[in-house]
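Trainee: Provided herewith: entry_8.cif, mmCIF, C-alpha atoms and all ligand atoms.
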```cif
data_final
loop_
_atom_site.label_atom_id
_atom_site.label_comp_id
_atom_site.auth_asym_id
_atom_site.auth_seq_id
_atom_site.Cartn_x
_atom_site.Cartn_y
_atom_site.Cartn_z
CA MET A 1 -33.42 23.83 10.53
CA ALA A 2 -30.70 23.18 13.13
CA ASN A 3 -27.10 23.25 11.97
CA LYS A 4 -25.57 19.88 11.24
CA ARG A 5 -22.37 18.85 12.99
CA ILE A 6 -20.01 17.39 10.39
CA LEU A 7 -16.58 15.86 11.00
CA ILE A 8 -14.29 15.84 7.94
CA THR A 9 -10.94 14.03 7.89
CA GLY A 10 -8.37 15.50 5.51
CA ALA A 11 -9.97 18.94 5.76
CA THR A 12 -6.64 20.78 5.43
CA SER A 13 -6.24 20.24 1.68
CA GLY A 14 -7.91 19.43 -1.63
CA ILE A 15 -11.39 17.91 -1.65
CA GLY A 16 -11.68 17.91 2.16
CA HIS A 17 -10.79 21.59 2.34
CA SER A 18 -13.38 22.50 -0.27
CA LEU A 19 -15.96 20.45 1.66
CA PHE A 20 -14.93 22.37 4.80
CA GLU A 21 -15.34 25.75 3.07
CA GLN A 22 -18.68 24.94 1.46
CA TYR A 23 -20.25 23.35 4.54
CA SER A 24 -19.01 26.28 6.69
CA GLU A 25 -20.54 28.77 4.23
CA LEU A 26 -23.83 26.87 4.56
CA GLY A 27 -23.64 27.50 8.31
CA GLU A 28 -22.95 23.91 9.34
CA GLN A 29 -20.75 23.16 12.36
CA VAL A 30 -17.62 21.64 10.83
CA ILE A 31 -15.04 19.71 12.82
CA ALA A 32 -11.99 19.96 10.57
CA CYS A 33 -9.30 17.28 10.95
CA GLY A 34 -5.77 16.95 9.54
CA ARG A 35 -2.13 16.95 10.60
CA ASN A 36 -1.09 20.33 9.21
CA GLN A 37 -1.30 22.50 12.35
CA LEU A 38 -0.55 25.77 10.53
CA GLN A 39 -3.38 25.19 8.08
CA LEU A 40 -5.76 24.15 10.89
CA GLN A 41 -4.93 27.39 12.74
CA LYS A 42 -5.90 29.39 9.65
CA MET A 43 -9.21 27.48 9.52
CA GLN A 44 -10.11 28.10 13.17
CA LYS A 45 -12.27 31.16 12.44
CA LEU A 46 -14.65 29.25 10.17
CA ALA A 47 -14.46 25.88 11.91
CA TYR A 48 -16.64 24.73 14.79
CA LYS A 49 -13.55 22.90 16.00
CA THR A 50 -10.19 21.82 14.57
CA CYS A 51 -8.46 18.55 15.45
CA ALA A 52 -4.83 17.74 14.65
CA PHE A 53 -4.25 14.01 14.60
CA ASP A 54 -2.70 11.35 12.42
CA ILE A 55 -5.43 8.96 11.25
CA THR A 56 -2.98 6.04 11.42
CA ILE A 57 -2.35 6.53 15.17
CA LYS A 58 -5.15 5.07 17.27
CA SER A 59 -4.18 6.88 20.51
CA GLU A 60 -4.27 10.30 18.76
CA ILE A 61 -7.76 9.61 17.38
CA ALA A 62 -8.96 8.38 20.78
CA ALA A 63 -7.73 11.56 22.50
CA TYR A 64 -9.70 13.85 20.14
CA ALA A 65 -12.78 11.65 20.06
CA GLU A 66 -13.26 12.23 23.81
CA SER A 67 -13.93 15.92 23.15
CA ILE A 68 -16.68 15.29 20.58
CA GLU A 69 -20.21 14.63 21.81
CA SER A 70 -22.29 13.87 18.75
CA LEU A 71 -22.15 14.01 14.97
CA ASP A 72 -24.73 14.23 12.19
CA ILE A 73 -22.29 13.42 9.38
CA LEU A 74 -18.91 11.69 9.45
CA ILE A 75 -16.90 12.24 6.24
CA LEU A 76 -13.94 9.87 5.89
CA ASN A 77 -11.95 11.66 3.22
CA ALA A 78 -8.26 11.75 4.29
CA GLY A 79 -6.02 9.66 2.10
CA ASN A 80 -2.78 9.35 0.22
CA CYS A 81 -1.69 8.05 -3.18
CA ARG A 82 1.70 6.49 -3.94
CA TYR A 83 2.52 4.34 -6.94
CA ILE A 84 4.32 1.01 -7.31
CA ASP A 85 6.94 1.97 -9.92
CA ASN A 86 8.53 -1.46 -10.28
CA ALA A 87 6.05 -4.30 -9.79
CA LYS A 88 8.76 -6.99 -10.00
CA GLN A 89 10.68 -5.30 -7.14
CA PHE A 90 7.44 -4.89 -5.18
CA ASP A 91 7.78 -2.27 -2.44
CA GLY A 92 6.06 -3.82 0.58
CA GLU A 93 6.73 -0.77 2.75
CA LEU A 94 5.00 1.51 0.27
CA PHE A 95 2.08 -0.93 0.02
CA ALA A 96 1.74 -1.06 3.81
CA ASP A 97 1.96 2.73 4.08
CA VAL A 98 -0.81 3.37 1.53
CA VAL A 99 -3.10 0.62 2.84
CA THR A 100 -2.57 1.80 6.43
CA THR A 101 -3.36 5.43 5.59
CA ASN A 102 -6.33 4.77 3.30
CA LEU A 103 -7.92 1.65 4.79
CA ILE A 104 -6.60 0.47 8.16
CA SER A 105 -7.08 3.98 9.57
CA LEU A 106 -10.80 3.71 8.83
CA GLY A 107 -11.08 0.92 11.39
CA TRP A 108 -9.76 3.28 14.09
CA LEU A 109 -11.83 6.23 12.88
CA LEU A 110 -15.00 4.13 12.87
CA GLU A 111 -14.20 2.67 16.30
CA TYR A 112 -13.99 6.14 17.86
CA PHE A 113 -16.32 8.31 15.78
CA LEU A 114 -19.14 6.03 14.62
CA PRO A 115 -20.63 5.76 18.15
CA LYS A 116 -20.98 9.57 18.05
CA VAL A 117 -23.14 9.52 14.88
CA LYS A 118 -26.78 10.10 15.84
CA PRO A 119 -29.67 7.99 14.52
CA GLY A 120 -30.67 9.64 11.25
CA GLY A 121 -27.01 10.48 10.68
CA GLN A 122 -24.71 9.67 7.78
CA VAL A 123 -21.27 8.22 7.09
CA VAL A 124 -19.52 9.21 3.86
CA PHE A 125 -16.56 7.32 2.37
CA ILE A 126 -14.37 9.03 -0.23
CA SER A 127 -13.09 6.11 -2.27
CA SER A 128 -12.04 6.44 -5.93
CA SER A 129 -13.20 5.65 -9.46
CA ALA A 130 -9.85 3.84 -9.71
CA THR A 131 -11.66 0.80 -8.27
CA ILE A 132 -13.94 0.46 -11.32
CA VAL A 133 -11.13 -0.97 -13.50
CA PRO A 134 -7.48 -1.74 -12.64
CA PHE A 135 -4.81 0.86 -13.44
CA PRO A 136 -1.09 0.21 -13.78
CA ARG A 137 1.15 1.19 -10.80
CA SER A 138 -2.00 1.40 -8.64
CA GLU A 139 -1.65 -1.92 -6.79
CA ALA A 140 -1.43 -0.17 -3.39
CA TYR A 141 -3.83 2.74 -3.96
CA GLY A 142 -6.40 0.65 -5.84
CA ALA A 143 -6.33 -2.16 -3.29
CA SER A 144 -6.83 0.28 -0.42
CA LYS A 145 -9.75 1.97 -2.19
CA ALA A 146 -11.34 -1.35 -3.23
CA GLY A 147 -11.20 -2.25 0.47
CA ILE A 148 -13.06 0.96 1.27
CA ASP A 149 -15.76 0.05 -1.26
CA TYR A 150 -16.48 -3.25 0.46
CA LEU A 151 -16.23 -1.72 3.93
CA ALA A 152 -18.76 0.98 3.02
CA LYS A 153 -21.22 -1.44 1.38
CA SER A 154 -21.07 -3.95 4.23
CA LEU A 155 -21.31 -1.27 6.91
CA ARG A 156 -24.37 0.15 5.15
CA LEU A 157 -26.20 -3.14 5.72
CA ASP A 158 -25.33 -3.23 9.41
CA LEU A 159 -26.09 0.44 10.04
CA ALA A 160 -29.56 0.28 8.45
CA LYS A 161 -31.07 -0.82 11.78
CA GLU A 162 -29.27 2.08 13.50
CA GLU A 163 -30.91 4.49 11.02
CA ILE A 164 -27.53 5.65 9.74
CA ASP A 165 -27.06 6.00 5.97
CA VAL A 166 -23.80 5.33 4.16
CA THR A 167 -22.72 7.18 1.00
CA LEU A 168 -19.86 5.76 -1.07
CA VAL A 169 -18.17 8.30 -3.37
CA HIS A 170 -16.09 7.52 -6.47
CA PRO A 171 -14.47 10.74 -7.67
CA GLY A 172 -12.60 10.81 -10.98
CA PHE A 173 -9.53 13.03 -11.36
CA ILE A 174 -9.69 16.11 -9.13
CA LYS A 175 -7.06 18.87 -9.16
CA THR A 176 -5.47 18.80 -5.68
CA PRO A 177 -1.95 18.51 -4.19
CA LEU A 178 -2.46 14.72 -4.41
CA THR A 179 -2.87 14.73 -8.21
CA ASN A 180 -0.45 17.64 -8.82
CA LYS A 181 2.27 14.97 -8.47
CA ASN A 182 0.87 12.91 -11.36
CA ASP A 183 2.98 12.91 -14.53
CA PHE A 184 0.26 11.48 -16.82
CA THR A 185 -2.77 12.98 -18.57
CA MET A 186 -5.81 13.13 -16.29
CA PRO A 187 -8.94 13.20 -18.45
CA PHE A 188 -11.94 15.32 -17.41
CA LEU A 189 -10.07 16.85 -14.44
CA LEU A 190 -12.42 18.71 -12.07
CA THR A 191 -11.63 21.34 -9.44
CA SER A 192 -11.95 20.40 -5.76
CA GLU A 193 -14.72 23.00 -5.45
CA VAL A 194 -16.84 21.25 -8.09
CA ALA A 195 -16.09 17.86 -6.49
CA ALA A 196 -17.15 19.15 -3.05
CA THR A 197 -20.43 20.53 -4.43
CA LYS A 198 -21.20 17.17 -6.04
CA ILE A 199 -20.42 15.34 -2.78
CA ILE A 200 -22.60 17.72 -0.73
CA ASN A 201 -25.51 17.25 -3.17
CA ALA A 202 -25.18 13.46 -2.92
CA VAL A 203 -25.05 13.61 0.88
CA ASN A 204 -28.12 15.91 0.97
CA GLN A 205 -30.01 13.39 -1.15
CA ARG A 206 -28.72 10.56 1.10
CA LYS A 207 -27.46 8.77 -2.02
CA LYS A 208 -25.94 5.34 -1.50
CA TYR A 209 -23.45 5.92 -4.29
CA ALA A 210 -22.08 8.98 -6.09
CA HIS A 211 -19.63 8.98 -9.00
CA PHE A 212 -18.33 11.86 -11.11
CA PRO A 213 -17.60 13.16 -13.64
CA LYS A 214 -20.03 10.79 -15.34
CA ARG A 215 -18.25 11.17 -18.72
CA LEU A 216 -15.29 9.40 -17.10
CA THR A 217 -16.95 7.03 -14.63
CA LEU A 218 -19.58 5.71 -17.08
CA LEU A 219 -16.83 5.03 -19.61
CA LEU A 220 -14.84 3.12 -16.97
CA LYS A 221 -17.97 1.16 -16.02
CA PHE A 222 -18.46 0.24 -19.69
CA PHE A 223 -14.85 -0.99 -19.90
CA SER A 224 -15.34 -3.01 -16.70
CA PHE A 225 -17.92 -5.18 -18.51
CA LEU A 226 -15.53 -6.04 -21.35
CA PRO A 227 -13.07 -8.96 -21.19
CA ALA A 228 -9.99 -8.05 -19.11
CA SER A 229 -7.78 -8.49 -22.20
CA ILE A 230 -9.52 -5.57 -23.98
CA TRP A 231 -9.09 -3.19 -21.04
CA GLN A 232 -5.45 -4.32 -20.77
CA LYS A 233 -4.84 -3.40 -24.43
CA ILE A 234 -6.49 0.00 -23.97
CA ILE A 235 -4.76 1.01 -20.75
CA LEU A 236 -1.32 -0.26 -21.82
CA ARG A 237 -1.54 1.06 -25.40
CA ASP A 238 1.18 3.68 -24.89
CA GLN A 239 3.56 1.32 -23.09
CA LYS A 240 6.20 -0.66 -24.96
N1 LIG B 301 -7.63 14.12 -6.17
C1 LIG B 301 -8.19 13.11 -6.85
O1 LIG B 301 -8.13 13.05 -8.10
C2 LIG B 301 -8.92 12.02 -6.12
C3 LIG B 301 -9.65 11.10 -6.89
C4 LIG B 301 -10.33 10.08 -6.24
C5 LIG B 301 -10.30 9.99 -4.87
N2 LIG B 301 -9.58 10.89 -4.14
C6 LIG B 301 -9.56 10.74 -2.69
O2 LIG B 301 -10.00 11.92 -2.09
C7 LIG B 301 -9.42 12.05 -0.80
C8 LIG B 301 -8.81 13.44 -0.68
O3 LIG B 301 -7.80 13.56 -1.65
P1 LIG B 301 -7.23 14.95 -2.17
O4 LIG B 301 -7.00 14.80 -3.61
O5 LIG B 301 -8.05 16.08 -1.68
O6 LIG B 301 -5.79 14.93 -1.48
P2 LIG B 301 -4.91 16.02 -0.70
O7 LIG B 301 -5.15 17.38 -1.24
O8 LIG B 301 -3.52 15.48 -0.72
O9 LIG B 301 -5.49 15.95 0.78
C9 LIG B 301 -5.31 14.81 1.56
C10 LIG B 301 -5.81 15.12 2.96
O10 LIG B 301 -5.66 13.91 3.75
C11 LIG B 301 -5.01 14.25 4.95
N3 LIG B 301 -4.17 13.13 5.39
C12 LIG B 301 -3.37 12.34 4.64
N4 LIG B 301 -2.72 11.45 5.42
C13 LIG B 301 -3.15 11.67 6.69
C14 LIG B 301 -2.83 11.10 7.94
N5 LIG B 301 -1.96 10.08 8.05
N6 LIG B 301 -3.44 11.59 9.04
C15 LIG B 301 -4.31 12.62 8.95
N7 LIG B 301 -4.65 13.21 7.80
C16 LIG B 301 -4.06 12.75 6.68
C17 LIG B 301 -4.15 15.46 4.63
O11 LIG B 301 -3.97 16.18 5.83
P3 LIG B 301 -2.55 16.83 6.31
O12 LIG B 301 -1.87 17.30 5.07
O13 LIG B 301 -2.98 17.92 7.23
O14 LIG B 301 -1.86 15.71 6.97
C18 LIG B 301 -5.02 16.22 3.65
O15 LIG B 301 -5.91 17.07 4.31
C19 LIG B 301 -8.38 10.93 -0.70
O16 LIG B 301 -8.93 9.86 0.03
C20 LIG B 301 -8.16 10.52 -2.14
O17 LIG B 301 -7.75 9.19 -2.27
C21 LIG B 301 -8.89 11.92 -4.73
#
```
Once you've parsed the file, please lay out its structure as structure tokens.
Mentor:
Amino acid sequence: MANKRILITGATSGIGHSLFEQYSELGEQVIACGRNQLQLQKMQKLAYKTCAFDITIKSEIAAYAESIESLDILILNAGNCRYIDNAKQFDGELFADVVTTNLISLGWLLEYFLPKVKPGGQVVFISSSATIVPFPRSEAYGASKAGIDYLAKSLRLDLAKEEIDVTLVHPGFIKTPLTNKNDFTMPFLLTSEVAATKIINAVNQRKKYAHFPKRLTLLLKFFSFLPASIWQKIILRDQK
């Protein structure tokens, strides 16, 4: 079978980097994207191509998109997480930064890369299990990821006639530089390697939706059916 050409945003670190390594080992042609030039240089040997651009800057995306002919799989993984530490003194700049990086950027990435995805191709959105129930301090991150959920589900309907499948992914806690900053307990933490394997399996099966680890995501789904007051008591139980 011919090698697949796969573009991954956020391939320089964490989940995206593990996806890059595993797809490269499988012999796929990976176009690895990120801003970290040093890291991209190190990846050049394995990569089909490396692209250094900021996903929030339309002109940078446009410049790289010109050099890419066609894609089998577009994996929109790059993202950032910052918390709202004082809701009453709401930090609008922080909110705008997170929503721009995680959600607004997807508009630019889709504008330039979706036309390159061949019929029979796939688009993969790395959202978060944080959208299943609300978490404290996650107003910015959760809102951006909830936006991704709707974007992915709506796009799936419109891409059906183009024969392009959409996979929405809800990872739980994964050990990466993004979560290394967290100062709270992260239940059922997985490695980025395990997360990447689960994502690749879901993409291979052309799943519409993948969530893991199930022992976390199924629990969150159960809580999402309960009255909001019960979830509030559970999630705020350690707060005074
Ligand atoms: N880790 C978790 O527990 C977890 C759980 C659920 C969902 N997720 C989602 O999974 C995705 C990957 O997260 P991760 O944990 O692997 O994080 P990570 O290790 O911090 O990696 C983030 C990646 O995104 C890229 N990136 C961030 N801002 C960018 C920008 N403005 N322009 C271009 N690239 C940018 C970074 O590239 P450079 O450093 O090269 O700029 C890096 O490669 C994110 O969307 C995250 O929300 C993670």
Trainee: Using all atoms listed in the file, tabulate the residues of chain A lying at most 7 Å from any atom of ligand LIG 301 (chain B), each with its closest atom pair and that distance in Å to one decimal, by chain and increasing residue number, as CSV.
Mentor:
```
residue,atom,partner,partner_atom,distance
A:Thr9,CA,B:LIG301,N7,6.3
A:Gly10,CA,B:LIG301,O15,3.2
A:Ala11,CA,B:LIG301,O15,4.7
A:Thr12,CA,B:LIG301,O15,3.9
A:Ser13,CA,B:LIG301,O15,4.1
A:Gly14,CA,B:LIG301,O5,3.4
A:Ile15,CA,B:LIG301,O5,3.8
A:Gly16,CA,B:LIG301,O5,5.6
A:His17,CA,B:LIG301,O15,6.9
A:Cys33,CA,B:LIG301,N7,6.9
A:Gly34,CA,B:LIG301,O13,3.7
A:Arg35,CA,B:LIG301,O13,3.6
A:Asn36,CA,B:LIG301,O13,3.6
A:Phe53,CA,B:LIG301,C15,5.8
A:Asp54,CA,B:LIG301,N6,3.5
A:Ile55,CA,B:LIG301,N6,4.0
A:Thr56,CA,B:LIG301,N5,5.4
A:Asn77,CA,B:LIG301,O16,4.7
A:Ala78,CA,B:LIG301,O10,3.4
A:Gly79,CA,B:LIG301,O16,3.6
A:Asn80,CA,B:LIG301,C12,5.4
A:Cys81,CA,B:LIG301,O17,6.2
A:Thr101,CA,B:LIG301,N5,5.4
A:Asn102,CA,B:LIG301,O16,6.6
A:Ile126,CA,B:LIG301,O16,5.5
A:Ser127,CA,B:LIG301,C5,5.4
A:Ser128,CA,B:LIG301,C4,4.0
A:Ser129,CA,B:LIG301,C4,6.2
A:His170,CA,B:LIG301,C4,6.3
A:Pro171,CA,B:LIG301,C4,4.4
A:Gly172,CA,B:LIG301,C3,5.1
A:Phe173,CA,B:LIG301,O1,3.5
A:Ile174,CA,B:LIG301,O1,3.6
A:Lys175,CA,B:LIG301,N1,5.6
A:Thr176,CA,B:LIG301,O7,4.7
A:Pro177,CA,B:LIG301,O7,4.5
A:Leu178,CA,B:LIG301,O8,3.9
A:Thr179,CA,B:LIG301,N1,5.2
```
Trainee: Could you check which of A:Lys208, A:Val203, A:Tyr141, A:Gly121 is closest to A:Ser154, using only C-alpha atoms?
Mentor: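 Counting only C-alpha atoms, the residue closest to A:Ser154 is A:Lys208.
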Trainee: Between atom CA of A:Tyr150 and atom CA of A:Val99, measure the distance and give it in Å to one decimal.
Mentor: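 That distance, rounded to one decimal, is 14.1 Å.
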Trainee: Find the nearest atom pair between each residue of stretch 28-67 of chain A and stretch 4-7 of chain A for residues within 12 Å, count only C-alpha atoms, give distances in Å to one decimal, sort rows by chain and ascending number, and present the table as CSV.
Mentor:
```
residue,atom,partner,partner_atom,distance
A:Glu28,CA,A:Lys4,CA,5.2
A:Gln29,CA,A:Arg5,CA,4.6
A:Val30,CA,A:Ile6,CA,4.9
A:Ile31,CA,A:Leu7,CA,4.5
A:Ala32,CA,A:Leu7,CA,6.2
A:Cys33,CA,A:Leu7,CA,7.4
A:Gly34,CA,A:Leu7,CA,11.0
A:Ala47,CA,A:Ile6,CA,10.3
A:Tyr48,CA,A:Arg5,CA,8.4
A:Lys49,CA,A:Leu7,CA,9.2
A:Thr50,CA,A:Leu7,CA,9.4
A:Cys51,CA,A:Leu7,CA,9.6
A:Tyr64,CA,A:Leu7,CA,11.6
A:Ala65,CA,A:Leu7,CA,10.7
```
Trainee: Work out how far atom CA of A:Leu190 is from atom CA of A:Phe223, in Å to one decimal.
Mentor: 21.3 Å
Trainee: Could you build a table of the residues in stretch 128-156 of chain A lying no more than 7 Å from stretch 103-109 of chain A, giving for each the nearest pair of atoms and their separation in Å rounded to one decimal place, using only C-alpha atoms, ordered by chain and ascending residue number, as a Markdown table?
Mentor:
```
| residue | atom | partner | partner_atom | distance |
| --- | --- | --- | --- | --- |
| A:Ser144 | CA | A:Leu103 | CA | 5.5 |
| A:Gly147 | CA | A:Leu103 | CA | 6.7 |
| A:Ile148 | CA | A:Leu103 | CA | 6.3 |
```
Trainee: Quick check, in Å to one decimal: how far apart do atom CA of A:Met186 and atom CA of A:Phe95 lie?
Mentor: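 Between atom CA of A:Met186 and atom CA of A:Phe95 the gap is 22.9 Å.
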Trainee: Please, which residues are within 12 Å of (-20.7, 5.5, 19.0) by the file's coordinates, counting all atoms listed in the file, and could they come as a PyMOL selection string?
Mentor: chain A and resi 65-66+68-72+74+109-119+121+159+162+164
Trainee: Which one is closest to A:Asp183: A:Gln89, A:Thr217, A:Tyr83, A:Glu21? Count all atoms listed in the file.
Mentor: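 Among the listed residues, the smallest separation from A:Asp183 belongs to A:Tyr83.
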Trainee: Report as a PyMOL selection string all protein, DNA and RNA residues lying within 9 Å of A:Leu19, evaluated on all atoms listed in the file, omitting residues in the same chain fewer than 6 positions from it.
Mentor: chain A and resi 8+11+192-193+195-197+199-200
Trainee: Between A:Asp91, A:Glu139, A:Asp165, A:Asp238, which has the minimum distance to A:Ile75 (counting all atoms listed in the file)?
Mentor: A:Asp165
Trainee: A:Thr167, A:Ala140, A:Gln22, A:Leu236: which is nearest A:Ala87, counting all atoms listed in the file?
Mentor: A:Ala140
